[in-house]
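Raw entry-v2.pdb, PDB, C-alpha atoms:
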ATOM      1  CA  MET K   1     -33.193  28.392  10.816
ATOM      2  CA  THR K   2     -32.214  25.896  13.492
ATOM      3  CA  VAL K   3     -29.435  23.636  12.376
ATOM      4  CA  ARG K   4     -27.953  21.031  14.649
ATOM      5  CA  ARG K   5     -25.312  18.418  14.171
ATOM      6  CA  ILE K   6     -25.558  14.804  15.290
ATOM      7  CA  GLU K   7     -22.235  13.081  15.798
ATOM      8  CA  VAL K   8     -22.609   9.572  14.413
ATOM      9  CA  ARG K   9     -19.124   8.082  14.052
ATOM     10  CA  GLU K  10     -20.511   4.751  12.882
ATOM     11  CA  ARG K  11     -18.440   2.617  10.556
ATOM     12  CA  VAL K  12     -20.283   2.047   7.310
ATOM     13  CA  MET K  13     -19.479  -1.654   7.454
ATOM     14  CA  GLU K  14     -20.446  -2.053  11.111
ATOM     15  CA  ARG K  15     -23.676  -3.961  10.542
ATOM     16  CA  ASN K  16     -21.985  -6.291   8.044
ATOM     17  CA  ASP K  17     -19.026  -6.752  10.346
ATOM     18  CA  ALA K  18     -21.256  -7.551  13.313
ATOM     19  CA  LEU K  19     -22.926 -10.301  11.277
ATOM     20  CA  ALA K  20     -19.504 -11.493  10.125
ATOM     21  CA  ARG K  21     -18.369 -11.729  13.741
ATOM     22  CA  ASP K  22     -21.432 -13.863  14.478
ATOM     23  CA  VAL K  23     -20.644 -16.151  11.527
ATOM     24  CA  ARG K  24     -17.021 -16.449  12.617
ATOM     25  CA  ALA K  25     -17.977 -17.208  16.213
ATOM     26  CA  ARG K  26     -20.460 -19.836  15.084
ATOM     27  CA  LEU K  27     -18.006 -21.566  12.756
ATOM     28  CA  THR K  28     -15.134 -21.337  15.210
ATOM     29  CA  GLY K  29     -17.378 -22.743  17.912
ATOM     30  CA  ILE K  30     -17.937 -25.934  15.956
ATOM     31  CA  GLY K  31     -14.419 -26.023  14.540
ATOM     32  CA  VAL K  32     -15.297 -25.489  10.886
ATOM     33  CA  PRO K  33     -12.744 -23.453   8.911
ATOM     34  CA  ALA K  34     -14.198 -21.238   6.195
ATOM     35  CA  PHE K  35     -12.315 -20.009   3.157
ATOM     36  CA  ASN K  36     -13.549 -17.093   1.123
ATOM     37  CA  LEU K  37     -12.414 -17.855  -2.428
ATOM     38  CA  VAL K  38     -11.986 -14.683  -4.462
ATOM     39  CA  SER K  39     -10.721 -14.008  -7.964
ATOM     40  CA  SER K  40     -11.513 -12.201 -11.149
ATOM     41  CA  PRO K  41     -14.109 -13.905 -13.353
ATOM     42  CA  GLY K  42     -12.775 -16.968 -15.172
ATOM     43  CA  SER K  43      -9.757 -17.734 -12.995
ATOM     44  CA  GLY K  44     -11.043 -21.213 -12.272
ATOM     45  CA  LYS K  45     -12.656 -21.038  -8.837
ATOM     46  CA  THR K  46     -15.486 -23.383  -9.723
ATOM     47  CA  LEU K  47     -13.292 -25.970 -11.446
ATOM     48  CA  LEU K  48     -10.858 -25.916  -8.522
ATOM     49  CA  LEU K  49     -13.758 -26.608  -6.171
ATOM     50  CA  GLU K  50     -15.204 -29.296  -8.434
ATOM     51  CA  ARG K  51     -11.898 -31.139  -8.560
ATOM     52  CA  THR K  52     -11.315 -30.676  -4.828
ATOM     53  CA  LEU K  53     -14.737 -32.036  -3.950
ATOM     54  CA  LYS K  54     -14.346 -34.936  -6.338
ATOM     55  CA  ASP K  55     -10.888 -35.929  -5.063
ATOM     56  CA  LEU K  56     -11.586 -35.435  -1.351
ATOM     57  CA  ASN K  57     -15.041 -36.953  -1.441
ATOM     58  CA  GLY K  58     -15.291 -39.548   1.320
ATOM     59  CA  GLU K  59     -12.338 -38.050   3.128
ATOM     60  CA  MET K  60     -13.967 -34.879   4.402
ATOM     61  CA  ARG K  61     -17.328 -33.213   4.003
ATOM     62  CA  ILE K  62     -16.957 -29.887   2.267
ATOM     63  CA  ALA K  63     -19.812 -27.411   2.108
ATOM     64  CA  VAL K  64     -19.841 -24.630  -0.458
ATOM     65  CA  VAL K  65     -21.697 -21.344  -0.599
ATOM     66  CA  THR K  66     -21.555 -19.950  -4.111
ATOM     67  CA  GLY K  67     -22.135 -16.335  -5.052
ATOM     68  CA  ASP K  68     -23.019 -15.211  -8.530
ATOM     69  CA  VAL K  69     -24.595 -12.092  -9.932
ATOM     70  CA  GLN K  70     -27.012 -14.246 -11.915
ATOM     71  CA  THR K  71     -27.624 -17.993 -12.461
ATOM     72  CA  GLN K  72     -26.963 -20.954 -10.194
ATOM     73  CA  ASN K  73     -24.626 -22.515 -12.753
ATOM     74  CA  ASP K  74     -21.647 -22.731 -10.406
ATOM     75  CA  ALA K  75     -23.718 -24.276  -7.632
ATOM     76  CA  ASP K  76     -25.153 -26.793 -10.095
ATOM     77  CA  ARG K  77     -21.664 -27.771 -11.259
ATOM     78  CA  ILE K  78     -20.369 -28.177  -7.708
ATOM     79  CA  ALA K  79     -23.485 -30.039  -6.563
ATOM     80  CA  GLN K  80     -22.508 -32.943  -8.810
ATOM     81  CA  TRP K  81     -19.737 -33.768  -6.364
ATOM     82  CA  THR K  82     -21.487 -33.378  -3.024
ATOM     83  CA  ASP K  83     -24.714 -34.510  -1.463
ATOM     84  CA  SER K  84     -26.734 -31.329  -0.929
ATOM     85  CA  LEU K  85     -24.004 -29.309   0.713
ATOM     86  CA  VAL K  86     -24.157 -26.462  -1.738
ATOM     87  CA  GLN K  87     -26.056 -23.277  -1.118
ATOM     88  CA  ALA K  88     -26.301 -20.765  -3.960
ATOM     89  CA  VAL K  89     -26.585 -17.021  -3.457
ATOM     90  CA  VAL K  90     -27.674 -15.036  -6.482
ATOM     91  CA  THR K  91     -26.770 -11.460  -5.662
ATOM     92  CA  GLY K  92     -29.036 -10.014  -8.335
ATOM     93  CA  GLY K  93     -26.539  -7.381  -9.407
ATOM     94  CA  ALA K  94     -24.384  -6.876  -6.336
ATOM     95  CA  CYS K  95     -20.683  -7.278  -7.056
ATOM     96  CA  HIS K  96     -19.830  -9.140  -3.855
ATOM     97  CA  LEU K  97     -21.275 -11.353  -1.153
ATOM     98  CA  ASP K  98     -22.021  -9.803   2.222
ATOM     99  CA  ALA K  99     -22.268 -11.299   5.690
ATOM    100  CA  ARG K 100     -26.074 -11.152   5.658
ATOM    101  CA  GLN K 101     -26.201 -13.386   2.580
ATOM    102  CA  VAL K 102     -23.712 -15.815   4.072
ATOM    103  CA  THR K 103     -25.682 -15.902   7.333
ATOM    104  CA  GLN K 104     -28.828 -16.793   5.403
ATOM    105  CA  ALA K 105     -27.004 -19.368   3.278
ATOM    106  CA  LEU K 106     -25.595 -21.079   6.354
ATOM    107  CA  GLU K 107     -29.105 -21.483   7.737
ATOM    108  CA  ALA K 108     -29.762 -23.945   4.925
ATOM    109  CA  LEU K 109     -26.650 -26.030   5.646
ATOM    110  CA  GLU K 110     -26.313 -28.665   8.333
ATOM    111  CA  LEU K 111     -23.019 -27.341   9.647
ATOM    112  CA  SER K 112     -22.638 -29.995  12.325
ATOM    113  CA  THR K 113     -21.839 -32.472   9.552
ATOM    114  CA  VAL K 114     -19.384 -30.179   7.746
ATOM    115  CA  ASP K 115     -15.600 -30.362   8.049
ATOM    116  CA  LEU K 116     -14.675 -27.413   5.861
ATOM    117  CA  LEU K 117     -16.571 -24.561   4.210
ATOM    118  CA  PHE K 118     -15.766 -22.728   1.009
ATOM    119  CA  ILE K 119     -17.450 -19.471   0.091
ATOM    120  CA  GLU K 120     -17.041 -18.945  -3.642
ATOM    121  CA  ASN K 121     -17.396 -15.203  -3.943
ATOM    122  CA  VAL K 122     -18.548 -13.236  -6.975
ATOM    123  CA  GLY K 123     -15.769 -12.987  -9.572
ATOM    124  CA  ASN K 124     -14.331  -9.585  -8.758
ATOM    125  CA  LEU K 125     -10.958  -8.544  -7.339
ATOM    126  CA  VAL K 126     -12.176  -5.207  -5.989
ATOM    127  CA  CYS K 127     -15.343  -5.194  -3.907
ATOM    128  CA  PRO K 128     -15.121  -8.564  -2.096
ATOM    129  CA  ALA K 129     -11.932  -7.305  -0.450
ATOM    130  CA  SER K 130     -13.992  -4.852   1.620
ATOM    131  CA  TRP K 131     -16.600  -7.279   2.934
ATOM    132  CA  ASP K 132     -15.845  -9.522   5.876
ATOM    133  CA  LEU K 133     -17.940 -12.669   5.595
ATOM    134  CA  GLY K 134     -16.793 -14.271   8.827
ATOM    135  CA  GLU K 135     -14.269 -16.415   7.020
ATOM    136  CA  THR K 136     -11.133 -17.938   8.483
ATOM    137  CA  ALA K 137      -9.151 -16.492   5.594
ATOM    138  CA  LYS K 138      -9.474 -15.170   2.084
ATOM    139  CA  ILE K 139      -7.826 -17.187  -0.664
ATOM    140  CA  VAL K 140      -7.060 -15.300  -3.869
ATOM    141  CA  LEU K 141      -7.057 -17.308  -7.035
ATOM    142  CA  PHE K 142      -5.461 -15.964 -10.152
ATOM    143  CA  SER K 143      -4.466 -17.717 -13.301
ATOM    144  CA  VAL K 144      -1.473 -17.688 -15.603
ATOM    145  CA  THR K 145      -3.637 -16.300 -18.393
ATOM    146  CA  GLU K 146      -3.923 -13.090 -16.410
ATOM    147  CA  GLY K 147      -1.031 -10.712 -15.865
ATOM    148  CA  GLU K 148       1.761 -11.177 -13.324
ATOM    149  CA  ASP K 149       0.937  -7.710 -12.065
ATOM    150  CA  LYS K 150      -2.537  -8.580 -10.769
ATOM    151  CA  PRO K 151      -1.318  -8.149  -7.163
ATOM    152  CA  LEU K 152      -0.061  -4.649  -7.951
ATOM    153  CA  LYS K 153      -3.293  -3.721  -9.724
ATOM    154  CA  TYR K 154      -5.528  -5.043  -6.947
ATOM    155  CA  PRO K 155      -3.394  -4.615  -3.816
ATOM    156  CA  LYS K 156      -6.220  -4.462  -1.288
ATOM    157  CA  MET K 157      -7.383  -7.958  -2.202
ATOM    158  CA  PHE K 158      -3.885  -9.382  -1.864
ATOM    159  CA  GLN K 159      -3.379  -7.507   1.394
ATOM    160  CA  GLU K 160      -6.592  -8.969   2.805
ATOM    161  CA  ALA K 161      -5.761 -12.527   1.727
ATOM    162  CA  LYS K 162      -3.613 -15.111   3.484
ATOM    163  CA  TYR K 163      -3.228 -17.503   0.572
ATOM    164  CA  VAL K 164      -2.773 -17.316  -3.182
ATOM    165  CA  VAL K 165      -3.614 -20.092  -5.606
ATOM    166  CA  LEU K 166      -1.928 -19.627  -8.967
ATOM    167  CA  ASN K 167      -4.139 -21.682 -11.247
ATOM    168  CA  LYS K 168      -4.111 -23.004 -14.815
ATOM    169  CA  THR K 169      -0.405 -23.838 -14.585
ATOM    170  CA  ASP K 170      -0.893 -26.410 -17.369
ATOM    171  CA  LEU K 171      -0.977 -23.396 -19.701
ATOM    172  CA  LEU K 172       2.426 -22.077 -18.637
ATOM    173  CA  PRO K 173       4.213 -23.468 -21.727
ATOM    174  CA  HIS K 174       1.813 -21.516 -23.923
ATOM    175  CA  VAL K 175       1.599 -18.110 -22.260
ATOM    176  CA  PRO K 176       4.217 -15.483 -21.406
ATOM    177  CA  PHE K 177       3.720 -15.642 -17.646
ATOM    178  CA  ASP K 178       6.591 -15.334 -15.168
ATOM    179  CA  VAL K 179       5.687 -17.206 -11.971
ATOM    180  CA  ASP K 180       8.585 -15.768  -9.967
ATOM    181  CA  LYS K 181       7.638 -12.258 -10.967
ATOM    182  CA  ALA K 182       3.995 -12.838 -10.015
ATOM    183  CA  GLN K 183       4.985 -14.133  -6.583
ATOM    184  CA  ALA K 184       7.389 -11.245  -6.083
ATOM    185  CA  PHE K 185       4.637  -8.747  -6.929
ATOM    186  CA  ALA K 186       2.254 -10.478  -4.535
ATOM    187  CA  ARG K 187       4.806 -10.467  -1.710
ATOM    188  CA  GLU K 188       5.466  -6.820  -2.431
ATOM    189  CA  VAL K 189       1.933  -6.009  -1.271
ATOM    190  CA  ASN K 190       1.725  -8.782   1.344
ATOM    191  CA  PRO K 191       4.970 -10.492   2.434
ATOM    192  CA  ASP K 192       3.092 -13.127   4.469
ATOM    193  CA  LEU K 193       1.203 -14.710   1.577
ATOM    194  CA  MET K 194       1.407 -18.478   1.157
ATOM    195  CA  PHE K 195       1.329 -19.800  -2.407
ATOM    196  CA  PHE K 196      -0.065 -22.816  -4.184
ATOM    197  CA  GLN K 197       0.419 -23.582  -7.862
ATOM    198  CA  THR K 198      -2.329 -25.693  -9.338
ATOM    199  CA  SER K 199      -3.939 -26.876 -12.484
ATOM    200  CA  ALA K 200      -7.451 -27.891 -11.589
ATOM    201  CA  LEU K 201      -7.680 -29.317 -15.111
ATOM    202  CA  SER K 202      -4.610 -31.565 -15.165
ATOM    203  CA  GLY K 203      -4.342 -32.095 -11.413
ATOM    204  CA  SER K 204      -0.816 -30.718 -11.216
ATOM    205  CA  GLY K 205      -0.053 -29.194  -7.812
ATOM    206  CA  MET K 206      -3.292 -30.389  -6.266
ATOM    207  CA  ASP K 207      -1.554 -32.620  -3.715
ATOM    208  CA  ALA K 208      -0.073 -29.627  -1.896
ATOM    209  CA  TRP K 209      -3.475 -27.930  -1.981
ATOM    210  CA  TYR K 210      -5.134 -31.030  -0.538
ATOM    211  CA  GLY K 211      -2.469 -31.301   2.127
ATOM    212  CA  PHE K 212      -3.282 -27.778   3.187
ATOM    213  CA  LEU K 213      -7.019 -28.518   3.317
ATOM    214  CA  ARG K 214      -6.452 -31.709   5.324
ATOM    215  CA  ALA K 215      -4.467 -29.740   7.859
ATOM    216  CA  GLN K 216      -7.224 -27.117   8.066
ATOM    217  CA  ALA K 217     -10.311 -29.355   8.161
ATOM    218  CA  ARG K 218     -12.238 -29.904  11.336
ATOM    219  CA  GLN K 219     -10.083 -31.925  13.703
ATOM    220  CA  PRO K 220     -12.195 -35.033  14.295
ATOM    221  CA  MET K 221     -12.366 -35.696  10.569
ATOM    222  CA  ARG K 222      -8.747 -34.897   9.867
ATOM    223  CA  VAL K 223      -6.960 -37.591   7.909
ATOM    224  CA  THR K 224      -3.294 -38.064   8.694
TER     225      THR K 224
ATOM    226  CA  MET A   1     -22.125  -0.964  -7.781
ATOM    227  CA  HIS A   2     -19.893  -1.308  -4.739
ATOM    228  CA  GLU A   3     -20.109   2.411  -4.058
ATOM    229  CA  MET A   4     -23.888   2.290  -4.444
ATOM    230  CA  SER A   5     -24.043  -0.469  -1.807
ATOM    231  CA  VAL A   6     -21.915   1.683   0.477
ATOM    232  CA  ALA A   7     -24.093   4.740  -0.234
ATOM    233  CA  MET A   8     -27.239   2.784   0.603
ATOM    234  CA  GLU A   9     -25.684   1.641   3.859
ATOM    235  CA  ILE A  10     -24.859   5.266   4.704
ATOM    236  CA  CYS A  11     -28.515   6.168   4.125
ATOM    237  CA  ARG A  12     -29.572   3.292   6.385
ATOM    238  CA  ILE A  13     -27.287   4.573   9.144
ATOM    239  CA  ALA A  14     -28.859   8.025   8.765
ATOM    240  CA  GLU A  15     -32.303   6.464   9.097
ATOM    241  CA  ASP A  16     -31.206   4.598  12.218
ATOM    242  CA  GLN A  17     -30.106   7.906  13.711
ATOM    243  CA  VAL A  18     -33.125  10.091  13.048
ATOM    244  CA  GLY A  19     -35.910   7.777  11.869
ATOM    245  CA  LEU A  20     -37.512   7.516   8.462
ATOM    246  CA  GLU A  21     -39.899  10.425   8.957
ATOM    247  CA  ALA A  22     -37.095  12.844   9.818
ATOM    248  CA  LEU A  23     -34.795  12.049   6.909
ATOM    249  CA  CYS A  24     -36.306  14.968   4.993
ATOM    250  CA  TYR A  25     -34.783  17.300   7.609
ATOM    251  CA  VAL A  26     -31.238  16.058   6.994
ATOM    252  CA  ARG A  27     -29.349  18.653   5.034
ATOM    253  CA  GLU A  28     -25.811  17.292   5.188
ATOM    254  CA  ILE A  29     -24.153  13.934   5.782
ATOM    255  CA  GLY A  30     -20.471  13.901   6.671
ATOM    256  CA  VAL A  31     -18.597  10.767   5.647
ATOM    257  CA  VAL A  32     -14.967   9.900   6.336
ATOM    258  CA  VAL A  33     -13.392   7.998   3.439
ATOM    259  CA  GLY A  34      -9.931   6.485   3.846
ATOM    260  CA  ARG A  35      -7.723   6.237   0.790
ATOM    261  CA  ASN A  36      -7.340   2.506   1.417
ATOM    262  CA  SER A  37     -10.980   1.868   2.199
ATOM    263  CA  GLY A  38     -11.650   0.320  -1.188
ATOM    264  CA  VAL A  39     -14.070   3.098  -2.059
ATOM    265  CA  GLU A  40     -13.586   5.604  -4.850
ATOM    266  CA  PRO A  41     -14.622   8.936  -3.299
ATOM    267  CA  GLU A  42     -16.030  10.609  -6.399
ATOM    268  CA  SER A  43     -18.046   7.537  -7.264
ATOM    269  CA  LEU A  44     -19.392   7.415  -3.708
ATOM    270  CA  ARG A  45     -20.278  11.117  -3.886
ATOM    271  CA  PHE A  46     -22.113  10.529  -7.162
ATOM    272  CA  CYS A  47     -24.100   7.631  -5.674
ATOM    273  CA  LEU A  48     -24.910   9.575  -2.516
ATOM    274  CA  GLU A  49     -26.097  12.570  -4.498
ATOM    275  CA  ALA A  50     -28.389  10.280  -6.468
ATOM    276  CA  LEU A  51     -29.883   8.773  -3.310
ATOM    277  CA  LEU A  52     -30.078  11.960  -1.275
ATOM    278  CA  GLY A  53     -31.823  13.771  -4.082
ATOM    279  CA  ASN A  54     -34.827  11.497  -3.759
ATOM    280  CA  GLU A  55     -37.445  10.649  -1.132
ATOM    281  CA  PRO A  56     -37.285  10.202   1.772
ATOM    282  CA  PHE A  57     -34.396  12.676   1.598
ATOM    283  CA  ARG A  58     -34.819  16.120   0.128
ATOM    284  CA  GLY A  59     -31.536  17.072  -1.385
ATOM    285  CA  ALA A  60     -29.206  16.525   1.559
ATOM    286  CA  ARG A  61     -25.619  17.124   0.563
ATOM    287  CA  PRO A  62     -22.823  14.614   1.080
ATOM    288  CA  THR A  63     -19.583  15.987   2.492
ATOM    289  CA  LEU A  64     -16.666  13.619   2.114
ATOM    290  CA  GLU A  65     -13.600  13.963   4.308
ATOM    291  CA  LEU A  66     -10.667  12.116   2.744
ATOM    292  CA  THR A  67      -8.130  10.589   5.088
ATOM    293  CA  SER A  68      -5.251   8.155   4.938
ATOM    294  CA  GLY A  69      -5.837   4.585   6.104
ATOM    295  CA  ASN A  70      -8.896   2.430   5.579
ATOM    296  CA  ASP A  71     -11.491   4.275   7.620
ATOM    297  CA  LEU A  72     -15.003   4.406   6.198
ATOM    298  CA  ARG A  73     -17.642   5.841   8.508
ATOM    299  CA  VAL A  74     -20.493   8.260   8.835
ATOM    300  CA  HIS A  75     -19.100  11.142  10.846
ATOM    301  CA  TYR A  76     -22.125  13.379  11.372
ATOM    302  CA  LEU A  77     -25.576  14.383  10.230
ATOM    303  CA  GLU A  78     -26.586  18.001   9.979
ATOM    304  CA  ILE A  79     -30.281  18.519  10.642
ATOM    305  CA  ASP A  80     -32.357  21.575   9.809
ATOM    306  CA  ASP A  81     -35.195  21.454  12.317
ATOM    307  CA  ASP A  82     -37.056  24.194  10.472
ATOM    308  CA  GLY A  83     -37.065  22.256   7.218
ATOM    309  CA  PRO A  84     -38.242  20.736   4.990
ATOM    310  CA  PRO A  85     -37.968  21.789   2.307
ATOM    311  CA  HIS A  86     -34.473  23.173   2.154
TER     312      HIS A  86
END
Final structure tokens representation of the file:
Amino acid sequence: MTVRRIEVRERVMERNDALARDVRARLTGIGVPAFNLVSSPGSGKTLLLERTLKDLNGEMRIAVVTGDVQTQNDADRIAQWTDSLVQAVVTGGACHLDARQVTQALEALELSTVDLLFIENVGNLVCPASWDLGETAKIVLFSVTEGEDKPLKYPKMFQEAKYVVLNKTDLLPHVPFDVDKAQAFAREVNPDLMFFQTSALSGSGMDAWYGFLRAQARQPMRVT
Amino acid sequence: MHEMSVAMEICRIAEDQVGLEALCYVREIGVVVGRNSGVEPESLRFCLEALLGNEPFRGARPTLELTSGNDLRVHYLEIDDDGPPH
């Protein structure tokens, strides 16, 4: 029996990461920031985007790539507030978007007319943490109807993110949720996190969120 | 599902290394799995065993080396040039 060993030493994510580097280089080259919006299902990603698009319409052009396991429902909802800047990815069972899907989705968008890109990932606080999509930063959304300890339960996602949006704050009077404790838990796993508190339903806290997006959007379109 | 995606990518890397026709000669795949890689080792092993037990593989065995950190990579392939079957 002749047995030989081939040393491979290839990172499992290398092909994805190479595509992600290409996406990042392309977006950086034209000055378009991209935010990978991640959360568990039902935290309010789509409503946050709907409200953002509605309120900032005419001020900046925001493109959205949506990822869902099945249906284009989220893309259809968001498309009400933009003119054809939404590209839907139906993963067909996969629990996350990958850089190949984002690369393909971007082919269908006219990026030269875009000031800011959102990638609404599949609702899942585990797998999307491992997949670089070429984004500028990951933004974790979690809502006050979830537990304060979400950051401790899903530390990798909060470690990978730069920003946290605590959503559904209009429900705070009705649920036993301690905002300070949630932020402390999040900073325990990532001290550099920046926080927003929003209610995409009532509009509370959205001004700070919009201020952040204005500061991030492509320079020529920035509104001061 | 995440681990199955990772397992399929590991199989693709093996194919890149030896070619589709030679995958039946692979008898072991060594994979380094970091504790912070976001992958559950036993789930990955289960998925790999499922894939490696079917064509174009012929029962290659996954060997997982657990490490600290977030490393996740294919370390080596062991090839039996006198196979298949093995």
Next on the checklist: Set the cut-off to 6 Å and count only C-alpha atoms: what are the residues of chain A that reach chain K? Output as number ranges by chain.
Outcome noted: A: 72-82
Item to check | Point-to-point distance from atom CA of K:Thr169 to atom CA of K:Leu125, Å rounded to tenths | outcome: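 These atoms are spaced 19.9 Å apart.
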Checklist entry - How would you write, as a PyMOL selection string, the residues chosen by the PyMOL selection byres ((chain A and resi 36-47) around 12) on this structure? => result (chain K and resi 11-13+125-131+154-157+159-160) or (chain A and resi 1-11+29-35+48-54+60-73)
Written file, previous selection with C-alpha atoms, as a JSON list (two decimals), keeping the file's coordinate frame:
[["chain", "number", "residue", "atom", "x", "y", "z"],
["K", 11, "ARG", "CA", -18.44, 2.62, 10.56],
["K", 12, "VAL", "CA", -20.28, 2.05, 7.31],
["K", 13, "MET", "CA", -19.48, -1.65, 7.45],
["K", 125, "LEU", "CA", -10.96, -8.54, -7.34],
["K", 126, "VAL", "CA", -12.18, -5.21, -5.99],
["K", 127, "CYS", "CA", -15.34, -5.19, -3.91],
["K", 128, "PRO", "CA", -15.12, -8.56, -2.10],
["K", 129, "ALA", "CA", -11.93, -7.30, -0.45],
["K", 130, "SER", "CA", -13.99, -4.85, 1.62],
["K", 131, "TRP", "CA", -16.60, -7.28, 2.93],
["K", 154, "TYR", "CA", -5.53, -5.04, -6.95],
["K", 155, "PRO", "CA", -3.39, -4.62, -3.82],
["K", 156, "LYS", "CA", -6.22, -4.46, -1.29],
["K", 157, "MET", "CA", -7.38, -7.96, -2.20],
["K", 159, "GLN", "CA", -3.38, -7.51, 1.39],
["K", 160, "GLU", "CA", -6.59, -8.97, 2.80],
["A", 1, "MET", "CA", -22.12, -0.96, -7.78],
["A", 2, "HIS", "CA", -19.89, -1.31, -4.74],
["A", 3, "GLU", "CA", -20.11, 2.41, -4.06],
["A", 4, "MET", "CA", -23.89, 2.29, -4.44],
["A", 5, "SER", "CA", -24.04, -0.47, -1.81],
["A", 6, "VAL", "CA", -21.92, 1.68, 0.48],
["A", 7, "ALA", "CA", -24.09, 4.74, -0.23],
["A", 8, "MET", "CA", -27.24, 2.78, 0.60],
["A", 9, "GLU", "CA", -25.68, 1.64, 3.86],
["A", 10, "ILE", "CA", -24.86, 5.27, 4.70],
["A", 11, "CYS", "CA", -28.52, 6.17, 4.12],
["A", 29, "ILE", "CA", -24.15, 13.93, 5.78],
["A", 30, "GLY", "CA", -20.47, 13.90, 6.67],
["A", 31, "VAL", "CA", -18.60, 10.77, 5.65],
["A", 32, "VAL", "CA", -14.97, 9.90, 6.34],
["A", 33, "VAL", "CA", -13.39, 8.00, 3.44],
["A", 34, "GLY", "CA", -9.93, 6.48, 3.85],
["A", 35, "ARG", "CA", -7.72, 6.24, 0.79],
["A", 48, "LEU", "CA", -24.91, 9.57, -2.52],
["A", 49, "GLU", "CA", -26.10, 12.57, -4.50],
["A", 50, "ALA", "CA", -28.39, 10.28, -6.47],
["A", 51, "LEU", "CA", -29.88, 8.77, -3.31],
["A", 52, "LEU", "CA", -30.08, 11.96, -1.27],
["A", 53, "GLY", "CA", -31.82, 13.77, -4.08],
["A", 54, "ASN", "CA", -34.83, 11.50, -3.76],
["A", 60, "ALA", "CA", -29.21, 16.52, 1.56],
["A", 61, "ARG", "CA", -25.62, 17.12, 0.56],
["A", 62, "PRO", "CA", -22.82, 14.61, 1.08],
["A", 63, "THR", "CA", -19.58, 15.99, 2.49],
["A", 64, "LEU", "CA", -16.67, 13.62, 2.11],
["A", 65, "GLU", "CA", -13.60, 13.96, 4.31],
["A", 66, "LEU", "CA", -10.67, 12.12, 2.74],
["A", 67, "THR", "CA", -8.13, 10.59, 5.09],
["A", 68, "SER", "CA", -5.25, 8.15, 4.94],
["A", 69, "GLY", "CA", -5.84, 4.58, 6.10],
["A", 70, "ASN", "CA", -8.90, 2.43, 5.58],
["A", 71, "ASP", "CA", -11.49, 4.28, 7.62],
["A", 72, "LEU", "CA", -15.00, 4.41, 6.20],
["A", 73, "ARG", "CA", -17.64, 5.84, 8.51]]
Next on the checklist: For the provided coordinates, the residues matched by the PyMOL selection byres ((chain K and resi 21-38) around 9) should be stated as a PyMOL selection string.
Outcome noted: chain K and resi 16-20+39-40+45+99+102-103+106+111-112+114-125+128-129+132-142+157+216-219
Next on the checklist: Could you list, as an NGL selection string, every residue matched by the PyMOL selection byres ((chain K and resi 77-79) around 10) in this structure?
Outcome noted: :K and (46-54 or 63-66 or 72-76 or 80-87)
Item to check | Test item: residues at most 7 Å from K:Lys168, all atoms listed in the file, excluding those fewer than 4 positions along its chain, as a list in words | outcome: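 Listing them by chain and then by number gives Ser143, Val144, Thr198, Ser199 and Ala200 of chain K.
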Checklist entry - Rounded to one decimal in Å, what is the spacing between atom CA of K:Leu193 and atom CA of K:Tyr163? => result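 Atom-to-atom, atom CA of K:Leu193 to atom CA of K:Tyr163, that is 5.3 Å.
The interatomic distance for the pair atom CA of K:Asp192 and atom CA of K:Pro151 works out to 13.4 Å.
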Centre, x/y/z edge lengths, axis-aligned box for stretch 59-75 of chain A with 4 Å per side, as lines of an AutoDock Vina configuration file:
center_x = -18.4
center_y = 9.8
center_z = 4.7
size_x = 34.3
size_y = 22.7
size_z = 20.2
Once N, CA and C atoms are restored for stretch 26-35 of chain A, what would the output be as an mmCIF file, keeping the file's coordinate frame?
data_model
loop_
_atom_site.group_PDB
_atom_site.id
_atom_site.type_symbol
_atom_site.label_atom_id
_atom_site.label_comp_id
_atom_site.auth_asym_id
_atom_site.auth_seq_id
_atom_site.Cartn_x
_atom_site.Cartn_y
_atom_site.Cartn_z
ATOM 1 N N VAL A 26 -32.707 16.167 7.080
ATOM 2 C CA VAL A 26 -31.238 16.058 6.994
ATOM 3 C C VAL A 26 -30.762 16.933 5.843
ATOM 4 N N ARG A 27 -29.825 17.807 6.140
ATOM 5 C CA ARG A 27 -29.349 18.653 5.034
ATOM 6 C C ARG A 27 -27.895 18.381 4.682
ATOM 7 N N GLU A 28 -27.190 17.634 5.519
ATOM 8 C CA GLU A 28 -25.811 17.292 5.188
ATOM 9 C C GLU A 28 -25.427 16.000 5.897
ATOM 10 N N ILE A 29 -24.690 15.152 5.178
ATOM 11 C CA ILE A 29 -24.153 13.934 5.782
ATOM 12 C C ILE A 29 -22.638 13.958 5.604
ATOM 13 N N GLY A 30 -21.935 13.912 6.718
ATOM 14 C CA GLY A 30 -20.471 13.901 6.671
ATOM 15 C C GLY A 30 -19.956 12.470 6.701
ATOM 16 N N VAL A 31 -19.120 12.135 5.756
ATOM 17 C CA VAL A 31 -18.597 10.767 5.647
ATOM 18 C C VAL A 31 -17.074 10.821 5.577
ATOM 19 N N VAL A 32 -16.418 10.014 6.379
ATOM 20 C CA VAL A 32 -14.967 9.900 6.336
ATOM 21 C C VAL A 32 -14.609 8.735 5.411
ATOM 22 N N VAL A 33 -13.767 9.019 4.424
ATOM 23 C CA VAL A 33 -13.392 7.998 3.439
ATOM 24 C C VAL A 33 -11.870 7.862 3.412
ATOM 25 N N GLY A 34 -11.373 6.728 3.880
ATOM 26 C CA GLY A 34 -9.931 6.485 3.846
ATOM 27 C C GLY A 34 -9.463 6.132 2.443
ATOM 28 N N ARG A 35 -8.249 6.508 2.144
ATOM 29 C CA ARG A 35 -7.723 6.237 0.790
ATOM 30 C C ARG A 35 -7.599 4.739 0.524
#
